[in-house]
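Colleague: Pasting run-v3.txt here (compact mmCIF, C-alpha atoms and all ligand atoms):
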```txt
# COMPACT_ATOMS: atom_id res chain seq x y z
CA MET A 1 0.00 0.00 0.00
CA SER A 2 1.48 3.39 -0.92
CA THR A 3 1.91 6.08 1.73
CA LEU A 4 -0.61 8.29 -0.06
CA ASN A 5 -3.17 5.51 -0.06
CA LYS A 6 -2.52 4.86 3.62
CA ILE A 7 -3.10 8.51 4.56
CA ALA A 8 -6.20 8.76 2.37
CA ARG A 9 -7.64 5.68 4.07
CA ILE A 10 -6.98 7.08 7.53
CA MET A 11 -8.80 10.27 6.49
CA VAL A 12 -12.01 8.45 5.61
CA SER A 13 -12.06 5.34 7.79
CA ASP A 14 -13.27 4.34 11.24
CA ARG A 15 -16.47 6.37 11.01
CA ARG A 16 -14.47 9.56 11.16
CA GLY A 17 -14.63 12.59 8.90
CA ILE A 18 -12.73 15.77 8.14
CA LEU A 19 -13.38 19.15 9.68
CA ALA A 20 -12.96 22.13 7.34
CA ALA A 21 -11.67 25.08 9.39
CA ASP A 22 -9.83 26.67 6.49
CA GLU A 23 -12.00 29.69 5.78
CA SER A 24 -9.94 32.40 4.09
CA ILE A 25 -9.10 35.51 6.14
CA GLY A 26 -11.94 37.36 4.39
CA THR A 27 -14.58 34.65 4.94
CA MET A 28 -13.52 33.97 8.55
CA SER A 29 -13.57 37.69 9.27
CA SER A 30 -17.11 38.11 8.01
CA ARG A 31 -18.27 35.02 9.96
CA LEU A 32 -16.75 36.49 13.15
CA GLU A 33 -18.32 39.88 12.49
CA GLY A 34 -21.62 38.10 11.86
CA VAL A 35 -21.61 37.00 15.52
CA GLY A 36 -20.38 40.34 16.84
CA VAL A 37 -16.68 39.48 17.18
CA GLU A 38 -14.06 41.91 15.90
CA ALA A 39 -12.21 40.37 12.95
CA THR A 40 -8.61 40.51 14.15
CA GLU A 41 -5.82 38.00 13.56
CA GLU A 42 -5.86 37.19 17.30
CA ASN A 43 -9.62 36.58 17.36
CA ARG A 44 -9.35 34.25 14.38
CA ARG A 45 -6.60 32.39 16.29
CA VAL A 46 -8.64 32.21 19.51
CA TYR A 47 -11.67 30.87 17.64
CA ARG A 48 -9.57 28.24 15.82
CA GLU A 49 -8.01 27.24 19.15
CA LEU A 50 -11.50 26.70 20.54
CA ILE A 51 -12.27 24.40 17.60
CA VAL A 52 -9.14 22.25 17.67
CA THR A 53 -9.09 21.83 21.48
CA THR A 54 -12.66 20.49 21.59
CA PRO A 55 -12.70 17.43 23.86
CA LYS A 56 -13.11 14.02 22.22
CA LEU A 57 -12.77 15.45 18.72
CA PRO A 58 -10.30 12.73 17.63
CA GLU A 59 -13.06 10.12 18.09
CA SER A 60 -15.03 11.54 15.16
CA VAL A 61 -12.57 13.73 13.26
CA SER A 62 -9.60 12.23 11.40
CA GLY A 63 -8.24 15.45 9.97
CA ILE A 64 -8.68 19.22 10.13
CA ILE A 65 -8.13 21.50 7.16
CA LEU A 66 -6.37 24.70 8.19
CA ALA A 67 -5.87 28.01 6.43
CA ASP A 68 -2.36 29.37 5.85
CA GLU A 69 -2.76 31.94 8.62
CA THR A 70 -3.70 29.30 11.21
CA PHE A 71 -1.02 26.93 10.01
CA HIS A 72 1.63 29.41 11.17
CA GLN A 73 -0.10 30.53 14.39
CA LYS A 74 0.46 29.06 17.84
CA LEU A 75 -1.93 27.83 20.49
CA SER A 76 -1.82 29.23 24.03
CA ASN A 77 0.43 26.30 25.00
CA GLY A 78 3.08 27.44 22.49
CA GLN A 79 2.60 24.60 19.98
CA THR A 80 1.83 25.28 16.34
CA PHE A 81 -1.58 24.07 15.17
CA PRO A 82 -0.13 21.18 13.10
CA GLN A 83 2.04 20.05 16.04
CA PHE A 84 -0.94 20.15 18.39
CA LEU A 85 -3.13 18.16 15.99
CA ALA A 86 -0.43 15.54 15.49
CA ASP A 87 -0.22 15.05 19.26
CA ARG A 88 -4.00 14.55 19.35
CA GLY A 89 -3.96 11.94 16.59
CA ILE A 90 -5.59 14.26 14.06
CA LEU A 91 -4.05 14.80 10.61
CA ALA A 92 -3.28 18.39 9.67
CA GLY A 93 -4.39 19.60 6.25
CA ILE A 94 -3.82 22.86 4.44
CA LYS A 95 -5.95 24.77 1.96
CA VAL A 96 -3.58 25.66 -0.87
CA ASP A 97 -5.79 27.33 -3.44
CA THR A 98 -5.84 31.10 -3.47
CA GLY A 99 -9.51 31.50 -4.23
CA ALA A 100 -12.02 31.53 -7.07
CA LYS A 101 -11.51 34.43 -9.50
CA PRO A 102 -13.55 35.52 -12.53
CA LEU A 103 -12.70 33.41 -15.58
CA ALA A 104 -11.92 35.47 -18.69
CA GLY A 105 -14.49 34.95 -21.42
CA ALA A 106 -17.01 33.38 -19.04
CA PRO A 107 -19.24 36.03 -17.44
CA GLY A 108 -20.61 34.91 -14.07
CA GLU A 109 -18.15 32.03 -13.71
CA ASN A 110 -14.96 31.55 -11.76
CA VAL A 111 -11.77 29.57 -11.95
CA THR A 112 -9.80 28.73 -8.83
CA GLU A 113 -6.25 30.03 -8.78
CA GLY A 114 -3.09 29.06 -6.89
CA LEU A 115 -0.96 26.83 -9.14
CA ASP A 116 1.98 29.21 -9.48
CA GLY A 117 4.65 28.28 -6.96
CA LEU A 118 2.53 25.42 -5.63
CA ARG A 119 5.33 22.83 -5.81
CA ASP A 120 7.43 24.83 -3.32
CA ARG A 121 4.47 25.66 -1.10
CA VAL A 122 3.53 21.97 -0.86
CA LYS A 123 7.12 21.16 0.10
CA ASN A 124 7.09 23.79 2.86
CA TYR A 125 3.71 22.76 4.25
CA ALA A 126 4.75 19.09 4.26
CA ALA A 127 7.90 19.99 6.18
CA LEU A 128 5.73 21.83 8.72
CA GLY A 129 3.47 18.82 9.25
CA ALA A 130 0.77 18.85 6.56
CA THR A 131 -0.25 15.37 5.41
CA PHE A 132 -3.01 16.47 3.08
CA ALA A 133 -4.23 19.53 1.19
CA LYS A 134 -7.42 20.98 -0.22
CA TRP A 135 -8.33 22.88 -3.38
CA ARG A 136 -11.91 23.99 -3.98
CA ALA A 137 -13.29 24.70 -7.43
CA THR A 138 -16.78 26.19 -7.71
CA ILE A 139 -19.25 25.55 -10.50
CA THR A 140 -22.28 27.79 -10.91
CA ILE A 141 -25.60 26.60 -12.31
CA GLY A 142 -27.54 29.31 -14.12
CA ASP A 143 -28.99 30.34 -17.43
CA GLY A 144 -26.76 28.42 -19.88
CA LEU A 145 -24.26 27.74 -17.07
CA PRO A 146 -21.98 26.08 -16.38
CA SER A 147 -20.10 26.64 -19.63
CA ASP A 148 -17.71 23.99 -20.92
CA ARG A 149 -14.95 26.59 -20.59
CA ALA A 150 -15.48 26.98 -16.86
CA VAL A 151 -15.76 23.26 -16.19
CA ARG A 152 -12.63 22.47 -18.20
CA ALA A 153 -10.57 25.27 -16.66
CA ASN A 154 -11.54 24.17 -13.16
CA VAL A 155 -10.99 20.45 -13.56
CA HIS A 156 -7.65 21.13 -15.26
CA ALA A 157 -6.50 23.20 -12.28
CA LEU A 158 -7.77 20.56 -9.83
CA ALA A 159 -5.85 17.82 -11.64
CA ARG A 160 -2.61 19.83 -11.77
CA TYR A 161 -2.97 20.65 -8.08
CA ALA A 162 -3.58 16.97 -7.26
CA GLY A 163 -0.49 15.92 -9.22
CA LEU A 164 1.71 18.46 -7.43
CA CYS A 165 0.45 17.36 -4.01
CA GLN A 166 1.12 13.71 -4.74
CA GLU A 167 4.58 14.54 -6.08
CA GLY A 168 5.24 16.31 -2.77
CA GLY A 169 3.96 13.34 -0.74
CA ILE A 170 0.67 14.74 0.52
CA VAL A 171 -2.88 13.63 -0.25
CA PRO A 172 -4.98 16.04 -2.29
CA ILE A 173 -8.60 16.58 -1.33
CA VAL A 174 -10.13 17.24 -4.73
CA GLU A 175 -13.16 19.48 -4.33
CA PRO A 176 -15.36 20.33 -7.29
CA GLU A 177 -18.33 22.12 -5.71
CA VAL A 178 -21.49 22.59 -7.73
CA LEU A 179 -23.02 25.50 -5.82
CA MET A 180 -26.51 25.44 -4.30
CA ASP A 181 -27.20 29.05 -5.33
CA GLY A 182 -30.16 29.38 -7.67
CA SER A 183 -33.57 27.90 -8.30
CA HIS A 184 -32.50 24.86 -10.32
CA SER A 185 -34.07 21.44 -9.76
CA LEU A 186 -32.57 18.32 -8.20
CA ALA A 187 -32.42 16.78 -11.70
CA LYS A 188 -30.40 19.73 -13.01
CA CYS A 189 -27.94 19.49 -10.12
CA LYS A 190 -27.56 15.78 -10.78
CA GLN A 191 -26.92 16.32 -14.48
CA VAL A 192 -24.30 19.04 -13.83
CA THR A 193 -22.63 17.15 -10.96
CA THR A 194 -22.37 14.00 -13.08
CA SER A 195 -20.89 15.84 -16.00
CA VAL A 196 -18.39 17.77 -13.84
CA LEU A 197 -17.25 14.57 -12.11
CA ARG A 198 -16.87 12.81 -15.45
CA SER A 199 -14.66 15.64 -16.77
CA LEU A 200 -12.74 15.69 -13.51
CA PHE A 201 -11.84 11.99 -13.62
CA ASP A 202 -10.85 12.27 -17.31
CA GLU A 203 -8.50 15.09 -16.40
CA LEU A 204 -7.11 13.31 -13.31
CA SER A 205 -6.17 10.31 -15.45
CA LEU A 206 -4.67 12.53 -18.13
CA MET A 207 -2.47 14.12 -15.45
CA GLN A 208 -1.47 10.68 -14.08
CA VAL A 209 -2.97 11.34 -10.67
CA GLN A 210 -2.93 8.20 -8.51
CA LEU A 211 -6.63 7.70 -7.79
CA ASP A 212 -6.09 5.60 -4.68
CA GLY A 213 -4.22 8.53 -3.15
CA ILE A 214 -6.90 11.21 -3.28
CA VAL A 215 -10.05 12.03 -1.33
CA LEU A 216 -12.92 13.36 -3.43
CA LYS A 217 -14.92 16.17 -1.83
CA PRO A 218 -18.06 16.74 -3.87
CA ASN A 219 -21.35 18.50 -3.22
CA MET A 220 -24.35 16.39 -2.39
CA VAL A 221 -26.90 16.42 -5.21
CA VAL A 222 -29.55 18.85 -3.95
CA ALA A 223 -32.01 21.28 -5.51
CA GLY A 224 -31.03 24.97 -5.67
CA LYS A 225 -31.68 26.94 -2.46
CA ASP A 226 -34.46 28.89 -4.19
CA CYS A 227 -36.10 25.96 -5.95
CA PRO A 228 -39.75 25.85 -4.87
CA GLU A 229 -39.77 22.06 -4.98
CA GLN A 230 -37.35 20.73 -2.37
CA PRO A 231 -36.62 16.99 -2.57
CA SER A 232 -36.91 14.56 0.33
CA VAL A 233 -33.88 13.23 2.20
CA GLU A 234 -34.22 9.90 0.38
CA GLU A 235 -34.34 11.62 -3.02
CA VAL A 236 -31.16 13.58 -2.28
CA ALA A 237 -29.38 10.46 -1.03
CA LYS A 238 -30.35 8.44 -4.09
CA ALA A 239 -29.51 11.17 -6.62
CA THR A 240 -26.13 11.69 -4.97
CA VAL A 241 -25.19 8.03 -4.80
CA ASP A 242 -26.39 7.48 -8.39
CA ALA A 243 -24.23 10.39 -9.64
CA LEU A 244 -21.20 9.03 -7.79
CA ARG A 245 -21.75 5.45 -8.98
CA GLU A 246 -21.85 6.67 -12.56
CA THR A 247 -18.60 8.60 -12.33
CA VAL A 248 -16.24 7.79 -9.45
CA PRO A 249 -13.81 4.89 -10.02
CA SER A 250 -13.70 2.30 -7.28
CA PHE A 251 -9.97 2.93 -6.70
CA VAL A 252 -10.88 6.17 -4.92
CA PRO A 253 -10.71 5.30 -1.20
CA GLY A 254 -13.20 7.81 0.04
CA ILE A 255 -15.67 10.55 -0.69
CA ALA A 256 -16.02 13.28 1.94
CA PHE A 257 -18.90 15.65 1.29
CA LEU A 258 -18.93 19.40 1.77
CA SER A 259 -22.08 20.81 3.35
CA GLY A 260 -22.39 23.78 0.99
CA GLY A 261 -24.95 25.79 2.95
CA GLN A 262 -27.31 22.97 3.97
CA SER A 263 -28.45 23.10 7.59
CA PRO A 264 -26.24 21.00 9.89
CA GLU A 265 -29.12 18.59 10.57
CA LYS A 266 -30.05 18.12 6.90
CA ALA A 267 -26.44 17.48 5.92
CA THR A 268 -26.23 14.76 8.58
CA GLU A 269 -29.57 13.20 7.56
CA HIS A 270 -28.45 13.06 3.93
CA LEU A 271 -25.18 11.40 4.90
CA ALA A 272 -27.00 8.81 7.00
CA ALA A 273 -29.52 8.05 4.24
CA MET A 274 -26.71 7.41 1.73
CA GLN A 275 -25.17 4.74 3.94
CA THR A 276 -28.29 2.62 3.50
CA LEU A 277 -27.83 2.49 -0.29
CA GLY A 278 -24.80 0.20 -0.29
CA PRO A 279 -22.78 -1.75 -0.90
CA LEU A 280 -20.59 1.07 -2.18
CA PRO A 281 -17.00 0.79 -3.42
CA TRP A 282 -15.76 3.82 -1.47
CA GLU A 283 -16.16 5.13 2.08
CA LEU A 284 -18.71 7.95 2.30
CA THR A 285 -17.98 10.53 4.96
CA TYR A 286 -18.11 14.22 5.78
CA SER A 287 -15.75 17.12 5.34
CA PHE A 288 -18.10 19.79 6.55
CA GLY A 289 -17.26 23.36 7.38
CA ARG A 290 -20.39 25.29 8.28
CA ALA A 291 -22.42 22.17 9.15
CA LEU A 292 -19.84 21.28 11.83
CA VAL A 293 -18.66 24.59 13.23
CA GLY A 294 -21.71 26.82 12.60
CA PRO A 295 -23.51 25.95 15.87
CA ALA A 296 -20.25 26.37 17.85
CA LEU A 297 -19.63 29.83 16.45
CA GLU A 298 -23.24 30.86 17.12
CA THR A 299 -22.93 29.64 20.71
CA TRP A 300 -19.53 31.23 21.40
CA ARG A 301 -20.07 34.71 19.94
CA GLY A 302 -16.75 35.79 21.45
CA ASP A 303 -17.95 35.15 25.02
CA GLU A 304 -15.27 33.07 26.76
CA SER A 305 -17.78 31.92 29.39
CA LYS A 306 -19.54 30.10 26.50
CA ARG A 307 -16.39 28.31 25.41
CA GLU A 308 -17.36 24.94 26.82
CA ALA A 309 -20.90 25.17 25.49
CA ALA A 310 -19.53 26.05 22.06
CA GLN A 311 -17.18 23.07 22.13
CA LYS A 312 -20.09 20.87 23.11
CA ALA A 313 -22.07 22.19 20.12
CA LEU A 314 -19.20 21.18 17.82
CA SER A 315 -18.72 17.87 19.53
CA ASP A 316 -22.46 17.07 19.23
CA ARG A 317 -22.37 17.72 15.46
CA ALA A 318 -19.20 15.64 15.05
CA VAL A 319 -20.68 12.75 17.02
CA ALA A 320 -23.95 12.93 15.05
CA ASN A 321 -22.05 12.77 11.77
CA ALA A 322 -19.88 9.90 12.92
CA ALA A 323 -23.08 8.08 13.93
CA ALA A 324 -24.58 8.86 10.52
CA ARG A 325 -21.77 6.83 9.00
P1 LIG A 401 -18.94 23.77 3.86
O1 LIG A 401 -19.20 22.43 4.47
O2 LIG A 401 -19.29 24.92 4.76
O3 LIG A 401 -19.49 23.89 2.47
O4 LIG A 401 -17.37 23.92 3.73
C1 LIG A 401 -16.64 22.87 3.28
C2 LIG A 401 -15.46 23.38 2.59
O5 LIG A 401 -14.36 23.00 2.89
C3 LIG A 401 -15.64 24.33 1.47
O6 LIG A 401 -14.47 24.44 0.75
```
If you convert what's in this file into structure tokens, what do you get?
Ligand code: 13P

Modeller:
Amino acid sequence: MSTLNKIARIMVSDRRGILAADESIGTMSSRLEGVGVEATEENRRVYRELIVTTPKLPESVSGIILADETFHQKLSNGQTFPQFLADRGILAGIKVDTGAKPLAGAPGENVTEGLDGLRDRVKNYAALGATFAKWRATITIGDGLPSDRAVRANVHALARYAGLCQEGGIVPIVEPEVLMDGSHSLAKCKQVTTSVLRSLFDELSLMQVQLDGIVLKPNMVVAGKDCPEQPSVEEVAKATVDALRETVPSFVPGIAFLSGGQSPEKATEHLAAMQTLGPLPWELTYSFGRALVGPALETWRGDESKREAAQKALSDRAVANAAAR
């Protein structure tokens, strides 16, 4: 078994999932301000410390994705975040993309950037304790969208990122997110998700990416947020598993879903419903951001006397998701 395959398996096995705490400085700042906390570097650090020191987290979380800022910060005990996670038996991951930017010639669509200099950045992060990385591409559904241009540009970047990570000895989380924004139907989301995943796996093989050494992080197949007809939990689970069965090779060790703006409870229910549709060739788990940490942030609101309650809110979500597996 290759080292990459071994790490990827640890990330998705034993009923554990991955916690995404890698919001960019801009996104984390607006989430803090949203709960009345001043968006300073220190407050972002304090909040991330609250997350990673949550009791019993290692029982349900195999890895935590960090942002570059956090990766270089220290906890109150003087350890860096990756060192602290390693001591807790949690793998440290790093978000290496530099964000989705408008794609030339494709109004309303983005391409994720960050390939320049990535080989050296991967090397540095690995030396500092990263065992895996993340790159998120976003695909918008809309009138005539997504365009082939946007899909191809994004899957190309994802595949080159994945190749560079593997060359540097770390596992790439490959995240093509079909966004929930809009009023499109479940069927439309399924059609777009299937076609994006198909293009992605074509590009990954073209770039010689070792499929047993990645973790796929897709959206669940849901209807757009503004679609008047919202599908049942069972319909979402079936559409998602069908899309994955049609496109994801069985060599891929695991699929860890993003939550994408679903409520924490819905995301967990969907994950649980999918487990009943087996047997499946890959592990199905979670790599939620908002659906794991949202309730904790809402509880904490910068009030240190609520620290324990906030950690309990995170722990409850993590335990519920582990149980859903
Ligand atoms: P959400 O679960 O909040 O969508 O975040 C997951 C993630 O890592 C997005 O890149």

Colleague: Within 10 Å of Asp242 in chain A, counting only C-alpha atoms, which residues show up once you throw out same-chain ones fewer than 4 positions away? Write them as a list of chain:residue names, please.

Modeller: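 The residues satisfying every condition are A:Lys190, A:Thr194, A:Val221, A:Val236, A:Ala237, A:Lys238, A:Glu246, A:Thr247, A:Leu277.
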
Colleague: Calculated over all atoms listed in the file, which of the candidates A:Thr193, A:Gln73, A:Asn321, A:Thr40 has the smallest distance to Pro146 in chain A?

Modeller: A:Thr193

Colleague: Find the residues near ligand LIG 401 (chain A). Use a cut-off of 10 Å, count all atoms listed in the file, and write them as a ChimeraX atom specification.

Modeller: /A:18-24,64-66,95,99,134-138,173,175-177,179-180,217-219,256-264,267,286-294

Colleague: Could you tell me how far CA of Ala150 in chain A lies from CA of Tyr125 in chain A, in Å and to one decimal?

Modeller: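 These atoms are spaced 28.8 Å apart.
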
Colleague: Kindly indicate which residue among A:Asn43, A:Gln210, A:Ser2, A:Thr131 lies nearest to Val252 in chain A, using only C-alpha atoms for the distances.

Modeller: A:Gln210

Colleague: Leaving out range 152-166 of chain A and any residue of its chain fewer than 3 positions from it, which residues lie within 8 Å of it when counting all atoms listed in the file, given as a PyMOL selection string?

Modeller: chain A and resi 4+111-113+115+118-119+122+132-133+135-138+148-149+169-176+196+199-200+203-204+207-210+213-214

Colleague: Can I get the selected residues back with C-alpha atoms, as a PDB file, in the coordinates of the input?

Modeller:
```pdb
ATOM      1  CA  LEU A   4      -0.610   8.290  -0.060  1.00  0.00           C
ATOM      2  CA  VAL A 111     -11.770  29.570 -11.950  1.00  0.00           C
ATOM      3  CA  THR A 112      -9.800  28.730  -8.830  1.00  0.00           C
ATOM      4  CA  GLU A 113      -6.250  30.030  -8.780  1.00  0.00           C
ATOM      5  CA  LEU A 115      -0.960  26.830  -9.140  1.00  0.00           C
ATOM      6  CA  LEU A 118       2.530  25.420  -5.630  1.00  0.00           C
ATOM      7  CA  ARG A 119       5.330  22.830  -5.810  1.00  0.00           C
ATOM      8  CA  VAL A 122       3.530  21.970  -0.860  1.00  0.00           C
ATOM      9  CA  PHE A 132      -3.010  16.470   3.080  1.00  0.00           C
ATOM     10  CA  ALA A 133      -4.230  19.530   1.190  1.00  0.00           C
ATOM     11  CA  TRP A 135      -8.330  22.880  -3.380  1.00  0.00           C
ATOM     12  CA  ARG A 136     -11.910  23.990  -3.980  1.00  0.00           C
ATOM     13  CA  ALA A 137     -13.290  24.700  -7.430  1.00  0.00           C
ATOM     14  CA  THR A 138     -16.780  26.190  -7.710  1.00  0.00           C
ATOM     15  CA  ASP A 148     -17.710  23.990 -20.920  1.00  0.00           C
ATOM     16  CA  ARG A 149     -14.950  26.590 -20.590  1.00  0.00           C
ATOM     17  CA  GLY A 169       3.960  13.340  -0.740  1.00  0.00           C
ATOM     18  CA  ILE A 170       0.670  14.740   0.520  1.00  0.00           C
ATOM     19  CA  VAL A 171      -2.880  13.630  -0.250  1.00  0.00           C
ATOM     20  CA  PRO A 172      -4.980  16.040  -2.290  1.00  0.00           C
ATOM     21  CA  ILE A 173      -8.600  16.580  -1.330  1.00  0.00           C
ATOM     22  CA  VAL A 174     -10.130  17.240  -4.730  1.00  0.00           C
ATOM     23  CA  GLU A 175     -13.160  19.480  -4.330  1.00  0.00           C
ATOM     24  CA  PRO A 176     -15.360  20.330  -7.290  1.00  0.00           C
ATOM     25  CA  VAL A 196     -18.390  17.770 -13.840  1.00  0.00           C
ATOM     26  CA  SER A 199     -14.660  15.640 -16.770  1.00  0.00           C
ATOM     27  CA  LEU A 200     -12.740  15.690 -13.510  1.00  0.00           C
ATOM     28  CA  GLU A 203      -8.500  15.090 -16.400  1.00  0.00           C
ATOM     29  CA  LEU A 204      -7.110  13.310 -13.310  1.00  0.00           C
ATOM     30  CA  MET A 207      -2.470  14.120 -15.450  1.00  0.00           C
ATOM     31  CA  GLN A 208      -1.470  10.680 -14.080  1.00  0.00           C
ATOM     32  CA  VAL A 209      -2.970  11.340 -10.670  1.00  0.00           C
ATOM     33  CA  GLN A 210      -2.930   8.200  -8.510  1.00  0.00           C
ATOM     34  CA  GLY A 213      -4.220   8.530  -3.150  1.00  0.00           C
ATOM     35  CA  ILE A 214      -6.900  11.210  -3.280  1.00  0.00           C
TER      36      ILE A 214
END
```

Colleague: What does the distance between CA of Pro102 in chain A and CA of Glu167 in chain A come to in Å, to one decimal place?

Modeller: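 Atom-to-atom, CA of Pro102 in chain A to CA of Glu167 in chain A, that is 28.5 Å.
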
Colleague: Counting only C-alpha atoms, which of A:Ala130, A:Asp14, A:Ser185, A:Glu109 gets nearest to Val151 in chain A?

Modeller: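 Among A:Ala130, A:Asp14, A:Ser185, A:Glu109, it is A:Glu109 that comes nearest to Val151 in chain A.
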
Colleague: Taking all atoms of range 183-200 of chain A that the file lists, what box with edges along x, y and z, padded by 4 Å per side, do you get, with centre and edge lengths in Å to one decimal, as AutoDock Vina command-line options?

Modeller:
```
--center_x -23.4 --center_y 20.4 --center_z -12.5 --size_x 29.3 --size_y 23.1 --size_z 16.6
```

Colleague: For Asn110 in chain A, which residue among A:Leu145, A:Ile90, A:Leu128, A:Ala187 is the nearest when counting only C-alpha atoms?

Modeller: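 Of A:Leu145, A:Ile90, A:Leu128, A:Ala187, the one nearest Asn110 in chain A is A:Leu145, counting only C-alpha atoms.
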
Colleague: Given only C-alpha atoms as the basis, pick out the residue of A:His72, A:Arg48, A:Lys266, A:Lys225 nearest to His184 in chain A.

Modeller: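 Ranking A:His72, A:Arg48, A:Lys266, A:Lys225 by distance to His184 in chain A, first place goes to A:Lys225.
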
Colleague: Quote the spacing between CA of Arg198 in chain A and CA of Pro231 in chain A in Å to one decimal place.

Modeller: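 Straight-line distance from CA of Arg198 in chain A to CA of Pro231 in chain A works out to 23.9 Å.
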
Colleague: Which residues, protein or nucleic acid, reach to within 9 Å of (-27.0, 6.4, -4.0) in the file's coordinates when using only C-alpha atoms, and can you give that as a PyMOL selection string?

Modeller: chain A and resi 236-245+273-278+280

Colleague: List as a PyMOL selection string: which residues have an atom within 10 Å of (-32.2, 23.2, -10.2), counting only C-alpha atoms?

Modeller: chain A and resi 141-142+180-192+221-230

Colleague: Find, counting all atoms listed in the file, the residue in A:Asn5, A:Ser205, A:Gln311, A:Thr285 that gets nearest to Leu297 in chain A.

Modeller: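 Residue with the minimum atom-to-atom distance to Leu297 in chain A: A:Gln311.
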